[in-house]
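Undergrad: Below: one structure in structure tokens.
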Amino acid sequence: MYWCRHCNVPLIGRRCSCGKDGEAVTLLRPYDVRPALHHDMEILKGLLLERFGTSRLQQIVLFNKAGGLDRNDLVLMNGKRFGWLSFDPCSKEYTLDLAFEALPQVLPHATQGVIDITSAVSAMQAEGKRGHLSGKRIAVDTDEPDGTVIVRSGRHYGTGQLSRGYIRIKHLGHIEEVVLPDPSWEESVRCNRYHLRNMERTAVRFIRQHMRGAERVNVSFSGGKDSTAVLELARRAGVDDVYFVDTGMEFPETLEFVKQTFFRDVPEPKFKENLVKSTGIRRVLNASETPEALNGEDFWAHAERLGPPRKDNRWCCEVLKLQPVKDMLSKEGECVTVQGNRWYESFSRAELPAAARNPFNPLQLNINPILNWRALEVFTYIWWRDLPCNPLYDLGYERVGCWMCPAMLESEFENTRSLHPELYGRWMTYLKRHAQKDLPDMYFRCGFWRWRRPPPKMCRLAEEVGVTIPEERDLLPAAPG
Ligand code: SF4
Ligand SMILES: [Zn+2]
């Protein structure tokens with residue numbers, strides 16, 4: 001990614017529309033940098049206000065996912081590191097760890113959270129302890145609560161972590177006050193329009209190449225941002241057949257979004273029939289085209305037999321998504337399907353080919369025109385083309401899928417707990433009924449249920465909070481009845 005220092009916007013190619021070349025910005029793997037949206041900005045502002053008495057942020061803030069126990073994002077602002085935002089899956093709290101590069105932005109407005117260590121440093125020096133302060137632990141007398149702080153030593157400022165009367169200094173240096181432009185995302189879209197046009201042209205050409213000679217071409221639309229972008233590209237390429245697989249476990253927001261996007265003029269009671277009959281779009285029901293399927297009955301019936309889907313046991317994909325498409329194509333025959341898979345989404349997708357037969361459904365050739373787009377490109381494209389977008393992104397979800405998806409972060413489950421308490425409650429009740437009787441509440445609350453065999457970092461966390469992860473054999477679903 002690049003950054004135009006003149007316009008102060010992220011660039012998806014080197015050259016900005018203003019004519020200047022951007023500076024390269026180093027990202028963390030898997031490099032899926034994305035814009036901070038409404039809920040994200042509220043969290044950041046709340047944490048800044050609580051800690052430093054100011055909630056001033058630029059309008060353009062980006063996140064770069066980093067590894068961790070749950071949500072853990074490197075926050076980028078002004079093309080530089082601003083800090084790390086992380087979510088604790090057990091305490092359900094967010095923390096913001098400020099980066100040194102954020103100080104020119106935060107310091108001028110901070111009314112609290114700044115600790116003067118000048119005298120402590122002088123005392124250390126008087127004792128003959130000299131050298132770099134970075135990494136040092138200094139005793140301080142302060143009323144500030146533990147957490148990230150700004151430290152001052154003479155004319156130098158820095159960041160540190162305060163814990164039980166000690167600050168561990170992270171970085172200390174000279175801060176220069178800078179006044180930077182504060183552009184909106186609209187301006188960023190304008191600065192990137194040349195690249196957006198190129199990306200669109202390449203993607204449309206790619207789809208058209210695969211349309212040649214194909215009897216049937218359709219778009220797989222999930223209601224997420226990637227398929228929203230892909231749907232637009234496919235339409236521009238001339239594809240007018242779209243299917244949406246309703247797993248029966250979709251967020252109400254997703255169903256509403258699909259309905260509003262494609263059936264704006266269709267009155268509510270006719271929604272189901274029109275989804276099926278409409279010329280442009282068809283609905284695929286999740287197993288059988290029964291009214292029960294619409295309420296997730298298929299899912300629950302399977303879940304009774306198979307136990308909850310888990311990150312390492314995703315039986316749901318086959319049952320809820322792949323099988324309905326297989327049923328559809330067994331009636332219709334071969335097709336080329338335009339999909340929104342992307343390399344940068346996760347390590348497991350990093351090697352996906354641009355076109356490949358679906359191994360579960362050989363009648364389907366999947367093509368991925370936005371394989372090399374990052375989430376930043378996807379959102380910028382959606383905004384450039386002024387496309388409607390699923391509201392869940394603004395509500396704090398990074399990805400959109402089933403509302404009980406085990407691949408979700410605990411931070412996202414926490415959103416569901418407040419957004420849809422009835423769905424969350426139903427899921428917790430189901431999980432508890434299916435688990436060993438003696439599993440503590442924390443096993444569910446912290447999200448350990450999402451794995452049959454949790455990864456080592458989650459096992460360590462379980463140990464810390466006193467939760468015993470059940471043996472895999474004990475996770476088999478209870479016998480019917
Ligand atoms: S979105 Fe999640 S829960 Fe739904 S089918 Fe996919 S993996 Fe399973
Ligand atoms: Zn510029």
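Following the order of the structure tokens, first chain is A, next is B, and so on, with residues numbered from 1 inside each chain and ligands from 1 in the order they appear.
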Taking only C-alpha atoms and all ligand atoms into account, which residues are within 7 Å of ligand 2, as an mmCIF file with N, CA and C atoms, in the first residue's frame?
TA:
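Wrote result-v8.cif, looks like this:
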```cif
data_model
loop_
_atom_site.group_PDB
_atom_site.id
_atom_site.type_symbol
_atom_site.label_atom_id
_atom_site.label_comp_id
_atom_site.auth_asym_id
_atom_site.auth_seq_id
_atom_site.Cartn_x
_atom_site.Cartn_y
_atom_site.Cartn_z
ATOM 1 N N CYS A 4 -0.284 8.933 -0.029
ATOM 2 C CA CYS A 4 0.036 10.238 -0.600
ATOM 3 C C CYS A 4 0.228 11.224 0.554
ATOM 4 N N ARG A 5 1.459 11.673 0.738
ATOM 5 C CA ARG A 5 1.764 12.599 1.843
ATOM 6 C C ARG A 5 1.121 13.959 1.590
ATOM 7 N N HIS A 6 0.903 14.290 0.333
ATOM 8 C CA HIS A 6 0.314 15.584 0.000
ATOM 9 C C HIS A 6 -1.174 15.605 0.370
ATOM 10 N N CYS A 7 -1.919 14.578 -0.053
ATOM 11 C CA CYS A 7 -3.365 14.527 0.219
ATOM 12 C C CYS A 7 -3.671 13.817 1.536
ATOM 13 N N ASN A 8 -2.678 13.099 2.088
ATOM 14 C CA ASN A 8 -2.834 12.318 3.318
ATOM 15 C C ASN A 8 -3.914 11.236 3.177
ATOM 16 N N CYS A 16 -0.935 9.072 -7.047
ATOM 17 C CA CYS A 16 -2.194 9.673 -6.572
ATOM 18 C C CYS A 16 -2.786 10.521 -7.709
ATOM 19 N N SER A 17 -4.115 10.714 -7.659
ATOM 20 C CA SER A 17 -4.745 11.550 -8.700
ATOM 21 C C SER A 17 -4.218 12.982 -8.683
ATOM 22 N N CYS A 18 -3.623 13.406 -7.563
ATOM 23 C CA CYS A 18 -3.064 14.762 -7.493
ATOM 24 C C CYS A 18 -1.777 14.867 -8.305
ATOM 25 N N GLY A 19 -1.269 13.731 -8.780
ATOM 26 C CA GLY A 19 -0.066 13.738 -9.617
ATOM 27 C C GLY A 19 1.185 13.334 -8.863
ATOM 28 N N LYS A 20 1.082 13.254 -7.523
ATOM 29 C CA LYS A 20 2.285 12.918 -6.735
ATOM 30 C C LYS A 20 2.391 11.401 -6.530
ATOM 31 N N CYS A 191 -8.884 10.223 -5.021
ATOM 32 C CA CYS A 191 -7.444 10.108 -5.258
ATOM 33 C C CYS A 191 -7.080 8.767 -5.891
#
```
Undergrad: Can you check which residues of segment 49-200 of chain A DSSP gives as strand (DSSP E or B) on the backbone and send them as a VMD selection string?
TA: chain A and resid 61 to 65 72 to 77 80 to 87 94 to 98 114 to 116 137 to 139 147 to 153 156 to 163 166 to 173
Undergrad: Can you tell me which residues come within 8 Å of ligand 1 when counting only C-alpha atoms and all ligand atoms, ideally as JSON, numbers by chain?
TA: {"A": [247, 249, 250, 309, 311, 314, 315, 316, 317, 318, 319, 320, 321, 400, 401, 402, 403, 404, 405, 406, 407, 408]}
Undergrad: Which polymer residues have any atom within 12 Å of an atom of Arg460 of chain A, counting only C-alpha atoms, with same-chain residues fewer than 5 positions away left out, as a PDB file with C-alpha atoms, in the first residue's frame?
TA:
```pdb
ATOM      1  CA  LEU A  69      -6.080 -14.412  20.806  1.00  0.00           C
ATOM      2  CA  PHE A 448     -13.489 -22.127  23.504  1.00  0.00           C
ATOM      3  CA  PRO A 454      -8.277 -25.405  20.287  1.00  0.00           C
ATOM      4  CA  PRO A 455      -4.875 -24.103  19.120  1.00  0.00           C
ATOM      5  CA  VAL A 465      -8.748 -18.570  33.289  1.00  0.00           C
ATOM      6  CA  GLY A 466      -9.158 -21.999  34.873  1.00  0.00           C
ATOM      7  CA  VAL A 467     -11.153 -23.698  32.093  1.00  0.00           C
ATOM      8  CA  THR A 468     -10.479 -27.342  31.286  1.00  0.00           C
ATOM      9  CA  ILE A 469     -10.891 -28.055  27.591  1.00  0.00           C
TER      10      ILE A 469
END
```
Undergrad: Kindly give the distance, in Å, that separates atom CA of Glu253 of chain A and atom CA of Val219 of chain A, rounded to a single decimal.
TA: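 Answer for the atom CA of Glu253 of chain A to atom CA of Val219 of chain A separation: 20.7 Å.
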Undergrad: Give me the residues within 6 Å of segment 85-94 of chain A as a PyMOL selection string, counting only C-alpha atoms and dropping any in the same chain fewer than 4 places off.
TA: chain A and resi 71-73+410+446
Undergrad: Take the residues just selected and output them with N, CA and C atoms as a PDB file, in the first residue's frame.
TA:
```
ATOM      1  N   ARG A  71      -9.600 -10.418  18.318  1.00  0.00           N
ATOM      2  CA  ARG A  71      -9.339  -9.278  17.455  1.00  0.00           C
ATOM      3  C   ARG A  71      -8.060  -8.581  17.902  1.00  0.00           C
ATOM      4  N   ASN A  72      -7.169  -8.352  16.971  1.00  0.00           N
ATOM      5  CA  ASN A  72      -5.915  -7.669  17.274  1.00  0.00           C
ATOM      6  C   ASN A  72      -5.479  -6.965  15.995  1.00  0.00           C
ATOM      7  N   ASP A  73      -5.667  -5.658  15.970  1.00  0.00           N
ATOM      8  CA  ASP A  73      -5.404  -4.906  14.750  1.00  0.00           C
ATOM      9  C   ASP A  73      -4.335  -3.849  14.964  1.00  0.00           C
ATOM     10  N   GLU A 410     -14.489 -13.485  18.877  1.00  0.00           N
ATOM     11  CA  GLU A 410     -15.327 -13.262  20.067  1.00  0.00           C
ATOM     12  C   GLU A 410     -15.823 -11.821  20.101  1.00  0.00           C
ATOM     13  N   CYS A 446     -16.029 -17.445  26.665  1.00  0.00           N
ATOM     14  CA  CYS A 446     -14.751 -17.039  26.057  1.00  0.00           C
ATOM     15  C   CYS A 446     -14.593 -17.599  24.647  1.00  0.00           C
TER      16      CYS A 446
END
```
Undergrad: I need the residue nearest Gly213 of chain A from this list: A:Ile115, A:Val242, A:Met199, A:Val336. Use only C-alpha atoms for the distance.
TA: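 Among A:Ile115, A:Val242, A:Met199, A:Val336, it is A:Val336 that comes nearest to Gly213 of chain A.
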Undergrad: Neighbouring residues of segment 31-37 of chain A were defined as those with any atom within 6 Å, considering only C-alpha atoms; residues of the same chain fewer than 5 positions away were excluded. Please report them as a ChimeraX atom specification.
TA: /A:61-64,344,374-376,394
Undergrad: Go ahead and compute the interatomic distance for atom CA of Val25 of chain A and atom CA of Trp3 of chain A, in Å to one decimal.
TA: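 Distance reported for this atom pair: 6.7 Å.
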Undergrad: Considering only C-alpha atoms, state which residue in the set A:Leu371, A:Leu306, A:Leu322, A:Ala229 is at the smallest distance from Asp246 of chain A.
TA: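 Answer, going by the shortest atom-to-atom distance: A:Leu322.
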Undergrad: Could you check how far atom CA of Gly154 of chain A sits from atom CA of Thr54 of chain A, in Å to one decimal?
TA: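 Taking atom CA of Gly154 of chain A as the start and atom CA of Thr54 of chain A as the end point, the length is 23.0 Å.
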Undergrad: Based on the backbone DSSP call, show me all residues of segment 146-214 of chain A assigned alpha helix (DSSP H), as a VMD selection string.
TA: chain A and resid 185 to 191 193 to 211
Undergrad: Determine, counting only C-alpha atoms, which protein, DNA and RNA residues have an atom within 6 Å of an atom of segment 136-142 of chain A; residues of the same chain fewer than 2 positions away are not included. Present the result as a VMD selection string.
TA: chain A and resid 133 to 134 144 165 to 169
Undergrad: Might you pull out every residue within 12 Å of Pro108 of chain A, with only C-alpha atoms counted and same-chain residues fewer than 6 positions away left off, and present them as an NGL selection string?
TA: :A and (52-56 or 102 or 114 or 150 or 157 or 175-179)
Undergrad: Find, counting only C-alpha atoms, the residue in A:Pro30, A:Val378, A:Val325, A:Gly147 that gets nearest to Ser348 of chain A.
TA: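 Answer, going by the shortest atom-to-atom distance: A:Pro30.
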